[in-house]
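Colleague: Provided herewith: upload.cif, mmCIF, C-alpha atoms.
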```
data_entry
loop_
_atom_site.label_atom_id
_atom_site.label_comp_id
_atom_site.auth_asym_id
_atom_site.auth_seq_id
_atom_site.Cartn_x
_atom_site.Cartn_y
_atom_site.Cartn_z
CA MET C 1 116.72 154.48 181.02
CA HIS C 2 120.26 155.35 179.95
CA LEU C 3 121.14 153.68 176.66
CA LYS C 4 124.17 151.88 178.08
CA THR C 5 122.12 150.61 180.99
CA LYS C 6 119.46 149.33 178.62
CA ALA C 7 122.09 147.58 176.51
CA LEU C 8 123.56 145.93 179.60
CA LEU C 9 120.16 144.73 180.73
CA LEU C 10 119.53 143.18 177.33
CA VAL C 11 122.86 141.39 177.48
CA LEU C 12 122.18 140.08 180.96
CA ILE C 13 118.72 138.88 179.99
CA LEU C 14 120.14 136.95 177.06
CA THR C 15 123.05 135.33 178.85
CA LEU C 16 121.18 134.52 182.04
CA ALA C 17 117.97 133.35 180.40
CA LEU C 18 119.97 130.86 178.38
CA SER C 19 121.85 129.52 181.37
CA ALA C 20 121.08 125.95 182.31
CA THR C 21 122.55 126.31 185.79
CA THR C 22 119.73 128.11 187.61
CA GLY C 23 116.37 127.18 189.00
CA THR C 24 117.22 123.67 190.26
CA ALA C 25 114.66 123.97 193.05
CA LEU C 26 111.84 123.85 190.54
CA ALA C 27 111.94 120.07 190.51
CA GLU C 28 110.37 120.10 193.96
CA THR C 29 106.91 120.92 192.63
CA THR C 30 104.94 118.75 190.22
CA GLY C 31 102.74 121.37 188.60
CA THR C 32 99.70 119.08 188.84
CA ARG C 33 96.30 120.10 190.19
CA THR C 34 94.23 117.34 191.77
CA ASP C 35 90.73 118.87 191.59
CA MET C 36 90.01 118.01 187.95
CA THR C 37 88.42 115.29 185.88
CA VAL C 38 91.25 113.16 184.51
CA ALA C 39 89.26 112.02 181.48
CA GLU C 40 88.95 115.62 180.25
CA ALA C 41 92.38 116.83 181.28
CA ILE C 42 95.29 117.92 179.10
CA GLU C 43 98.49 116.47 180.52
CA VAL C 44 101.99 117.26 179.30
CA SER C 45 105.52 117.25 180.67
CA ASP C 46 107.08 120.67 180.78
CA MET C 47 110.75 121.36 180.08
CA TYR C 48 111.73 120.73 183.67
CA ASP C 49 110.15 117.26 183.68
CA ARG C 50 107.17 118.41 185.71
CA THR C 51 103.71 117.04 184.94
CA VAL C 52 101.43 119.90 183.94
CA THR C 53 97.69 119.29 183.84
CA LEU C 54 94.83 121.49 182.65
CA GLU C 55 91.10 120.79 182.69
CA LYS C 56 90.80 122.37 179.24
CA PRO C 57 92.95 124.46 176.89
CA ALA C 58 94.21 127.60 178.58
CA SER C 59 92.29 130.75 177.69
CA ARG C 60 94.15 133.28 179.84
CA VAL C 61 97.93 132.98 179.61
CA VAL C 62 100.79 134.99 181.08
CA ALA C 63 104.10 134.34 179.29
CA VAL C 64 107.20 135.85 180.85
CA MET C 65 109.81 135.06 178.19
CA PRO C 66 109.77 136.78 174.77
CA ALA C 67 110.27 133.50 172.91
CA ASP C 68 107.17 131.97 174.50
CA VAL C 69 105.14 135.04 173.54
CA GLU C 70 106.35 134.69 169.96
CA ILE C 71 105.43 131.00 169.96
CA LEU C 72 101.90 131.79 171.10
CA TYR C 73 101.39 134.27 168.27
CA ALA C 74 102.96 131.93 165.71
CA LEU C 75 100.44 129.28 166.79
CA GLY C 76 97.56 131.69 166.24
CA ALA C 77 96.95 131.86 169.99
CA GLY C 78 97.86 135.48 170.63
CA ASP C 79 94.30 136.13 171.74
CA VAL C 80 94.79 134.07 174.92
CA LEU C 81 97.73 136.20 176.08
CA VAL C 82 96.71 138.45 178.98
CA GLY C 83 100.18 139.25 180.28
CA ARG C 84 103.71 139.34 178.84
CA GLY C 85 107.20 139.86 180.18
CA GLU C 86 108.27 143.49 179.82
CA PHE C 87 110.85 142.67 177.14
CA ALA C 88 108.43 140.67 174.98
CA ASP C 89 107.88 143.03 172.06
CA TYR C 90 107.20 140.83 169.04
CA PRO C 91 104.96 140.72 167.13
CA ALA C 92 103.91 144.37 167.34
CA GLU C 93 100.47 143.54 168.72
CA ALA C 94 102.08 141.86 171.71
CA LYS C 95 103.08 145.30 172.99
CA GLU C 96 99.39 146.08 173.49
CA VAL C 97 99.17 143.29 176.11
CA THR C 98 99.75 144.14 179.77
CA ALA C 99 103.44 143.92 180.66
CA VAL C 100 104.60 142.21 183.86
CA ALA C 101 107.94 142.25 185.63
CA SER C 102 110.20 139.31 184.82
CA GLY C 103 113.46 137.70 185.91
CA ASN C 104 114.30 138.25 189.57
CA GLU C 105 111.79 141.11 189.59
CA LEU C 106 108.91 138.65 189.05
CA ASN C 107 105.84 140.00 190.84
CA ILE C 108 103.35 137.29 191.83
CA GLU C 109 100.61 139.76 192.80
CA GLN C 110 100.90 141.45 189.43
CA ILE C 111 100.45 138.11 187.66
CA LEU C 112 97.58 136.97 189.91
CA ALA C 113 95.71 140.22 189.20
CA LEU C 114 95.47 139.16 185.53
CA GLU C 115 93.59 135.99 186.56
CA PRO C 116 95.48 133.61 184.27
CA ASP C 117 94.75 129.91 184.07
CA LEU C 118 98.28 129.22 182.77
CA VAL C 119 101.60 130.93 183.43
CA LEU C 120 104.63 130.16 181.26
CA LEU C 121 107.88 130.69 183.15
CA THR C 122 111.54 129.95 182.55
CA LYS C 123 114.04 128.24 184.85
CA MET C 124 115.72 131.60 185.44
CA TYR C 125 115.13 132.90 188.96
CA GLN C 126 111.85 131.05 189.52
CA ARG C 127 111.52 129.79 193.08
CA VAL C 128 109.44 126.97 194.50
CA GLU C 129 107.61 129.50 196.67
CA ASP C 130 106.53 131.45 193.58
CA LEU C 131 105.14 128.32 191.95
CA GLU C 132 103.35 127.21 195.08
CA LEU C 133 101.70 130.62 195.52
CA MET C 134 100.36 130.55 191.98
CA GLU C 135 99.24 126.94 192.13
CA LYS C 136 97.46 127.52 195.46
CA ALA C 137 95.59 130.29 193.67
CA GLY C 138 94.43 127.74 191.09
CA ILE C 139 96.93 128.72 188.39
CA VAL C 140 98.85 126.10 186.45
CA VAL C 141 102.51 126.84 185.76
CA ALA C 142 104.62 125.38 182.94
CA ILE C 143 108.38 125.79 182.59
CA SER C 144 110.08 126.33 179.23
CA ASP C 145 113.83 126.08 178.70
CA ALA C 146 114.88 125.75 175.05
CA GLN C 147 118.66 125.69 174.71
CA ASP C 148 118.87 124.24 171.19
CA ILE C 149 116.64 123.88 168.14
CA ALA C 150 115.23 120.57 169.38
CA GLY C 151 114.30 122.40 172.57
CA VAL C 152 112.46 125.01 170.51
CA TYR C 153 110.42 122.25 168.90
CA GLN C 154 109.69 120.84 172.36
CA ALA C 155 108.56 124.25 173.63
CA ILE C 156 106.29 124.69 170.61
CA ALA C 157 104.72 121.27 171.18
CA MET C 158 104.25 121.90 174.91
CA ILE C 159 102.68 125.33 174.48
CA GLY C 160 100.57 124.11 171.58
CA ALA C 161 99.14 121.30 173.69
CA LEU C 162 98.38 123.63 176.61
CA VAL C 163 96.43 126.11 174.47
CA GLY C 164 94.69 123.53 172.28
CA LYS C 165 96.85 124.15 169.20
CA ASP C 166 98.44 120.73 168.65
CA GLU C 167 97.92 120.73 164.91
CA GLU C 168 99.24 124.26 164.53
CA ALA C 169 102.28 123.31 166.62
CA SER C 170 103.04 120.38 164.33
CA GLU C 171 102.68 122.61 161.28
CA LEU C 172 104.91 125.31 162.75
CA THR C 173 107.64 122.79 163.58
CA ALA C 174 107.38 121.21 160.14
CA ASP C 175 107.71 124.64 158.51
CA MET C 176 110.81 125.47 160.56
CA LYS C 177 112.40 122.12 159.71
CA SER C 178 111.69 122.65 156.02
CA ARG C 179 113.26 126.10 156.07
CA PHE C 180 116.31 124.87 157.97
CA ASP C 181 116.71 122.04 155.44
CA ALA C 182 116.59 124.56 152.59
CA VAL C 183 119.27 126.69 154.30
CA ALA C 184 121.53 123.67 154.77
CA GLU C 185 121.02 122.57 151.16
CA ARG C 186 121.97 126.01 149.84
CA ALA C 187 124.99 126.28 152.15
CA ALA C 188 126.25 122.85 151.05
CA GLU C 189 126.94 124.38 147.62
CA GLU C 190 129.56 126.71 149.15
CA LYS C 191 132.99 126.30 150.68
CA GLY C 192 132.02 127.29 154.22
CA GLY C 193 134.40 128.47 156.92
CA THR C 194 134.49 129.29 160.63
CA VAL C 195 132.33 131.62 162.68
CA TYR C 196 132.49 133.42 166.03
CA PHE C 197 129.20 134.38 167.70
CA GLU C 198 129.54 137.41 169.95
CA VAL C 199 126.49 137.57 172.20
CA SER C 200 127.92 140.20 174.55
CA PRO C 201 130.22 143.05 173.45
CA LEU C 202 133.70 143.68 174.82
CA GLU C 203 132.44 146.50 177.03
CA TYR C 204 130.58 143.99 179.21
CA GLY C 205 132.90 141.02 178.76
CA LEU C 206 132.88 138.77 175.71
CA TRP C 207 130.32 135.99 175.81
CA THR C 208 129.77 133.45 173.08
CA ALA C 209 127.66 130.45 172.14
CA GLY C 210 129.34 127.07 172.40
CA LYS C 211 128.17 123.59 171.57
CA GLU C 212 124.61 122.41 172.16
CA THR C 213 123.19 125.89 171.60
CA PHE C 214 120.88 127.02 168.83
CA LEU C 215 123.48 129.51 167.58
CA ASP C 216 126.02 126.73 167.19
CA GLU C 217 123.41 124.81 165.20
CA ILE C 218 122.63 127.81 163.00
CA GLY C 219 126.34 128.10 162.25
CA MET C 220 126.40 124.48 161.12
CA LEU C 221 123.27 124.97 159.02
CA VAL C 222 124.94 127.78 157.07
CA GLY C 223 128.07 125.71 156.59
CA HIS C 224 130.30 127.38 159.18
CA GLU C 225 132.05 125.70 162.09
CA ASN C 226 131.77 127.48 165.42
CA ILE C 227 135.28 128.37 166.62
CA PHE C 228 134.05 127.68 170.16
CA SER C 229 132.36 124.35 169.44
CA ASP C 230 134.57 122.85 172.14
CA VAL C 231 132.99 125.11 174.77
CA ASP C 232 129.87 124.01 176.65
CA GLY C 233 126.77 126.18 176.31
CA TRP C 234 127.00 129.94 176.79
CA ALA C 235 130.40 130.99 178.04
CA GLU C 236 132.67 133.95 178.64
CA VAL C 237 135.78 134.04 176.46
CA SER C 238 138.80 136.32 176.12
CA GLU C 239 139.99 138.47 173.26
CA GLU C 240 143.06 136.25 173.05
CA ASP C 241 140.82 133.20 172.53
CA VAL C 242 139.12 134.88 169.57
CA LEU C 243 142.38 136.15 168.07
CA ASP C 244 144.02 132.73 168.36
CA ARG C 245 141.11 131.01 166.61
CA ASP C 246 140.89 133.64 163.83
CA PRO C 247 137.29 133.25 162.58
CA ASP C 248 136.32 133.77 158.95
CA VAL C 249 133.03 135.36 160.03
CA ILE C 250 131.98 137.29 163.13
CA VAL C 251 128.31 137.45 164.07
CA THR C 252 127.40 140.14 166.60
CA ILE C 253 124.02 140.77 168.21
CA THR C 254 125.04 144.04 169.86
CA MET C 255 122.16 146.48 169.64
CA TYR C 256 122.92 149.97 168.35
CA PHE C 257 121.12 152.92 169.96
CA GLY C 258 122.48 155.72 167.77
CA GLU C 259 125.48 156.73 169.86
CA GLY C 260 129.14 155.97 169.19
CA PRO C 261 130.58 153.66 166.53
CA LEU C 262 128.46 151.02 164.84
CA PRO C 263 128.91 147.53 166.34
CA GLU C 264 130.82 146.39 163.23
CA GLU C 265 133.12 149.41 163.50
CA GLU C 266 133.75 148.83 167.19
CA ILE C 267 134.75 145.22 166.55
CA ALA C 268 136.99 146.09 163.61
CA GLY C 269 138.69 148.82 165.65
CA ARG C 270 139.70 146.65 168.58
CA ASN C 271 143.40 146.29 169.19
CA GLY C 272 144.72 143.39 167.09
CA TRP C 273 141.36 142.46 165.61
CA GLY C 274 142.20 144.08 162.28
CA ASN C 275 144.33 141.04 161.46
CA LEU C 276 141.45 138.61 161.73
CA ASN C 277 140.21 137.06 158.48
CA ALA C 278 136.66 138.20 159.28
CA VAL C 279 137.73 141.82 159.68
CA LYS C 280 140.12 141.91 156.72
CA ASN C 281 137.43 140.48 154.44
CA GLY C 282 134.55 142.58 155.74
CA ARG C 283 132.74 139.55 157.13
CA ILE C 284 131.24 141.04 160.28
CA TYR C 285 127.52 140.36 160.39
CA LEU C 286 125.22 142.45 162.58
CA ALA C 287 122.34 140.06 163.11
CA ASP C 288 118.79 140.88 164.19
CA ALA C 289 119.43 140.52 167.92
CA ASP C 290 115.92 139.41 168.84
CA ALA C 291 115.43 136.95 165.99
CA ILE C 292 118.74 135.18 166.51
CA SER C 293 118.84 135.23 170.32
CA ARG C 294 115.29 134.15 171.18
CA PRO C 295 114.67 130.38 171.06
CA GLY C 296 111.50 130.58 169.02
CA PRO C 297 110.09 130.42 165.49
CA ARG C 298 112.16 133.34 164.20
CA LEU C 299 115.34 131.27 164.41
CA ALA C 300 114.40 130.14 160.91
CA ASP C 301 114.41 133.80 159.83
CA ALA C 302 117.79 134.25 161.51
CA ALA C 303 119.28 131.28 159.65
CA GLU C 304 117.96 132.54 156.32
CA ASP C 305 119.23 136.06 156.98
CA MET C 306 122.69 134.80 157.91
CA LEU C 307 122.77 132.63 154.81
CA ALA C 308 121.90 135.67 152.67
CA PHE C 309 124.76 137.64 154.26
CA LEU C 310 127.26 134.85 153.67
CA TYR C 311 126.17 133.92 150.17
CA PRO C 312 124.29 136.78 148.54
CA ASP C 313 122.59 135.80 145.31
CA GLU C 314 124.26 137.07 142.18
CA PRO C 315 122.42 140.00 140.54
#
```
Could I get this structure in the form of structure tokens?
Modeller:
Amino acid sequence: MHLKTKALLLVLILTLALSATTGTALAETTGTRTDMTVAEAIEVSDMYDRTVTLEKPASRVVAVMPADVEILYALGAGDVLVGRGEFADYPAEAKEVTAVASGNELNIEQILALEPDLVLLTKMYQRVEDLELMEKAGIVVAISDAQDIAGVYQAIAMIGALVGKDEEASELTADMKSRFDAVAERAAEEKGGTVYFEVSPLEYGLWTAGKETFLDEIGMLVGHENIFSDVDGWAEVSEEDVLDRDPDVIVTITMYFGEGPLPEEEIAGRNGWGNLNAVKNGRIYLADADAISRPGPRLADAAEDMLAFLYPDEP
């Protein structure tokens, strides 16, 4: 695949997967199987308010979204994963698991061939017909849709319950909360400032994270106010919007494939951007794109890494 095409696909996956405007038809199916003993069943609500019921903890799971794959491994349940979305590449051992098409390329036959007893999907592109086909084949489907940090905790709890890792889920959430608290405590010692999150580069149209997103929350944790905190969710913005709001820090998740200027150089070289405080002061942060853009356990890593960039410890 051409490098620019790959970069565009990654951008589209991020911005569309985090959209809360798709998949409304999913509410038409309950996700409940009726041929099981209620007394032995695991019953949870998924993140689309569907009741999901399993006879016992899932032992063969297909997870389409990278964040859900990362959650499974963080819970110590990587051994139940029999299929992963093609872009799920962390941790390294996940790449040894069979990859399946995802997004609007979702292939039901490909998933059914893996004989899962649980499929983790996202609201993006999933149709009622897809769910019904899988459930008629005896497969339980759960929907995840974490938009903010609280949603990540909810996804961890849901997946933990479905794979019999409730205690591990509680421990993972507690660890993340502790690490976020430590980040906020350290940041409170500093002056702070403002931040602009660039989740799509200028070449493909500027997209950013607004309020009620996990990036907005990470900004607050490290003591920086999001310049687009008045914008709902994930939104497209203009260069003029960024220039007018003049952020102290720019965070970019553009992935570099070895051709052309570095992402920081491209941003600094844009017409008029050299006058921004962030550019003048060398405060452009190239974040780990996967860690900071996937609503999973590594958001704690992303917050710590951003804190270290903003306030490096004195030698």
Colleague: Determine the residue set returned by the PyMOL selection byres ((chain C and resi 67) around 12) for the present structure, and present it as number ranges by chain.
Modeller: C: 14, 17-18, 63-66, 68-74, 84-85, 87-91, 94, 120-122, 144-147, 151-153, 155-156, 159, 290-299
Colleague: Put those residues in a file: C-alpha atoms, as a short mmCIF file (atom, residue, chain, number, x, y, z; two decimals), in the frame of the given file.
Modeller:
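The result, written out as selection-v6.cif:
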```
data_model
loop_
_atom_site.label_atom_id
_atom_site.label_comp_id
_atom_site.auth_asym_id
_atom_site.auth_seq_id
_atom_site.Cartn_x
_atom_site.Cartn_y
_atom_site.Cartn_z
CA LEU C 14 120.14 136.95 177.06
CA ALA C 17 117.97 133.35 180.40
CA LEU C 18 119.97 130.86 178.38
CA ALA C 63 104.10 134.34 179.29
CA VAL C 64 107.20 135.85 180.85
CA MET C 65 109.81 135.06 178.19
CA PRO C 66 109.77 136.78 174.77
CA ASP C 68 107.17 131.97 174.50
CA VAL C 69 105.14 135.04 173.54
CA GLU C 70 106.35 134.69 169.96
CA ILE C 71 105.43 131.00 169.96
CA LEU C 72 101.90 131.79 171.10
CA TYR C 73 101.39 134.27 168.27
CA ALA C 74 102.96 131.93 165.71
CA ARG C 84 103.71 139.34 178.84
CA GLY C 85 107.20 139.86 180.18
CA PHE C 87 110.85 142.67 177.14
CA ALA C 88 108.43 140.67 174.98
CA ASP C 89 107.88 143.03 172.06
CA TYR C 90 107.20 140.83 169.04
CA PRO C 91 104.96 140.72 167.13
CA ALA C 94 102.08 141.86 171.71
CA LEU C 120 104.63 130.16 181.26
CA LEU C 121 107.88 130.69 183.15
CA THR C 122 111.54 129.95 182.55
CA SER C 144 110.08 126.33 179.23
CA ASP C 145 113.83 126.08 178.70
CA ALA C 146 114.88 125.75 175.05
CA GLN C 147 118.66 125.69 174.71
CA GLY C 151 114.30 122.40 172.57
CA VAL C 152 112.46 125.01 170.51
CA TYR C 153 110.42 122.25 168.90
CA ALA C 155 108.56 124.25 173.63
CA ILE C 156 106.29 124.69 170.61
CA ILE C 159 102.68 125.33 174.48
CA ASP C 290 115.92 139.41 168.84
CA ALA C 291 115.43 136.95 165.99
CA ILE C 292 118.74 135.18 166.51
CA SER C 293 118.84 135.23 170.32
CA ARG C 294 115.29 134.15 171.18
CA PRO C 295 114.67 130.38 171.06
CA GLY C 296 111.50 130.58 169.02
CA PRO C 297 110.09 130.42 165.49
CA ARG C 298 112.16 133.34 164.20
CA LEU C 299 115.34 131.27 164.41
#
```
Colleague: Neighbours of Leu114 of chain C within 10 Å (all atoms listed in the file; same-chain residues fewer than 2 positions away dropped), as an MDAnalysis selection string?
Modeller: chainID C and resid 60:62 82:83 98 100 109:112 116:117
Colleague: For Lys280 of chain C, which residue among C:Met255, C:Ala188, C:Met134, C:Ile250 is the nearest when counting only C-alpha atoms?
Modeller: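 Of C:Met255, C:Ala188, C:Met134, C:Ile250, the one nearest Lys280 of chain C, counting only C-alpha atoms, is C:Ile250.
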Colleague: How many Å lie between atom CA of Ile218 of chain C and atom CA of Gly269 of chain C, rounded to one decimal?
Modeller: 26.6 Å
Colleague: Using Å and a single decimal, report how far atom CA of Val222 of chain C sits from atom CA of Lys191 of chain C.
Modeller: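 Calculated distance between atom CA of Lys191 of chain C and atom CA of Val222 of chain C is 10.4 Å.
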Colleague: Would you compute an axis-aligned box for segment 276-294 of chain C, covering every atom listed for it in the file with 4 Å of margin on each side, and report centre and edge lengths in Å to one decimal as JSON?
Modeller:
```
{"center_x": 128.4, "center_y": 138.4, "center_z": 162.8, "size_x": 34.2, "size_y": 16.4, "size_z": 24.7}
```
Colleague: Identify which of the residues C:Glu171, C:Ala161, C:Tyr196, C:Gly210 lies closest to Val52 of chain C, counting all atoms listed in the file when measuring atom-to-atom distances.
Modeller: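 Smallest separation from Val52 of chain C among the options: C:Ala161.
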Colleague: Find the residues near Glu212 of chain C: any atom within 7 Å, counting only C-alpha atoms, skip ones fewer than 4 places away on the same chain, and give them as a PDB file with C-alpha atoms, in the coordinates of the input.
Modeller:
```
ATOM      1  CA  ASP C 148     118.870 124.240 171.190  1.00  0.00           C
ATOM      2  CA  ASP C 216     126.020 126.730 167.190  1.00  0.00           C
ATOM      3  CA  GLY C 233     126.770 126.180 176.310  1.00  0.00           C
TER       4      GLY C 233
END
```
Colleague: Restricting the calculation to all atoms listed in the file, which member of C:Asn277, C:Thr173, C:Asn271, C:Asn104 is positioned closest to Asp248 of chain C?
Modeller: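 Ranking C:Asn277, C:Thr173, C:Asn271, C:Asn104 by distance to Asp248 of chain C, first place goes to C:Asn277.
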Colleague: Identify, on the basis of all atoms listed in the file, every residue whose closest approach to Ile227 of chain C does not exceed 9 Å; exclude the query and any residue fewer than 4 positions from it along the same chain; express the result as a ChimeraX atom specification.
Modeller: /C:194-197,210,242,245-247
Colleague: Using the chain letters and residue numbers of this document, give as a list in words the residues selected by the PyMOL selection byres ((chain C and resi 236) around 8).
Modeller: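 That selection, the PyMOL selection byres ((chain C and resi 236) around 8), comes back as Gly205, Leu206, Trp207, Thr208, Trp234, Ala235, Val237 and Ser238 of chain C.
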Colleague: What is the atom CA of Leu133 of chain C-atom CA of Ala113 of chain C distance in Å, reported with one decimal?
Modeller: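 Pair atom CA of Leu133 of chain C / atom CA of Ala113 of chain C returns 13.0 Å.
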Colleague: Which polymer residues have any atom within 9 Å of an atom of Ser45 of chain C, counting all atoms listed in the file, with same-chain residues fewer than 5 positions away left out, as an NGL selection string?
Modeller: :C and (50-53 or 142 or 158)
Colleague: Using all atoms listed in the file, list the residues that have an atom at most 7 Å from (128.1, 126.0, 166.2), coordinates as in the file, as a PyMOL selection string.
Modeller: chain C and resi 210-211+215-220+225-226+229
Colleague: Evaluate the PyMOL selection byres ((chain C and resi 192) around 6) and record the selected residues as a compact mmCIF listing (two decimals) with C-alpha atoms, in the frame of the given file, following the chain and residue labels used in the document.
Modeller:
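Final file, expr-v6.txt:
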```
# COMPACT_ATOMS: atom_id res chain seq x y z
CA GLU C 190 129.56 126.71 149.15
CA LYS C 191 132.99 126.30 150.68
CA GLY C 193 134.40 128.47 156.92
CA GLY C 223 128.07 125.71 156.59
CA HIS C 224 130.30 127.38 159.18
```
Colleague: Choose the residue, out of C:Leu131, C:Ala92, C:Ala174, C:Leu310, that has the smallest atom-to-atom separation from Leu106 of chain C; count only C-alpha atoms.
Modeller: C:Leu131
Colleague: Using only C-alpha atoms, pick whichever of C:Asp181, C:Val231, C:Ile149, C:Ile267 has the shortest atom-to-atom distance to Ser200 of chain C.
Modeller: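 The shortest atom-to-atom distance to Ser200 of chain C comes from C:Ile267.
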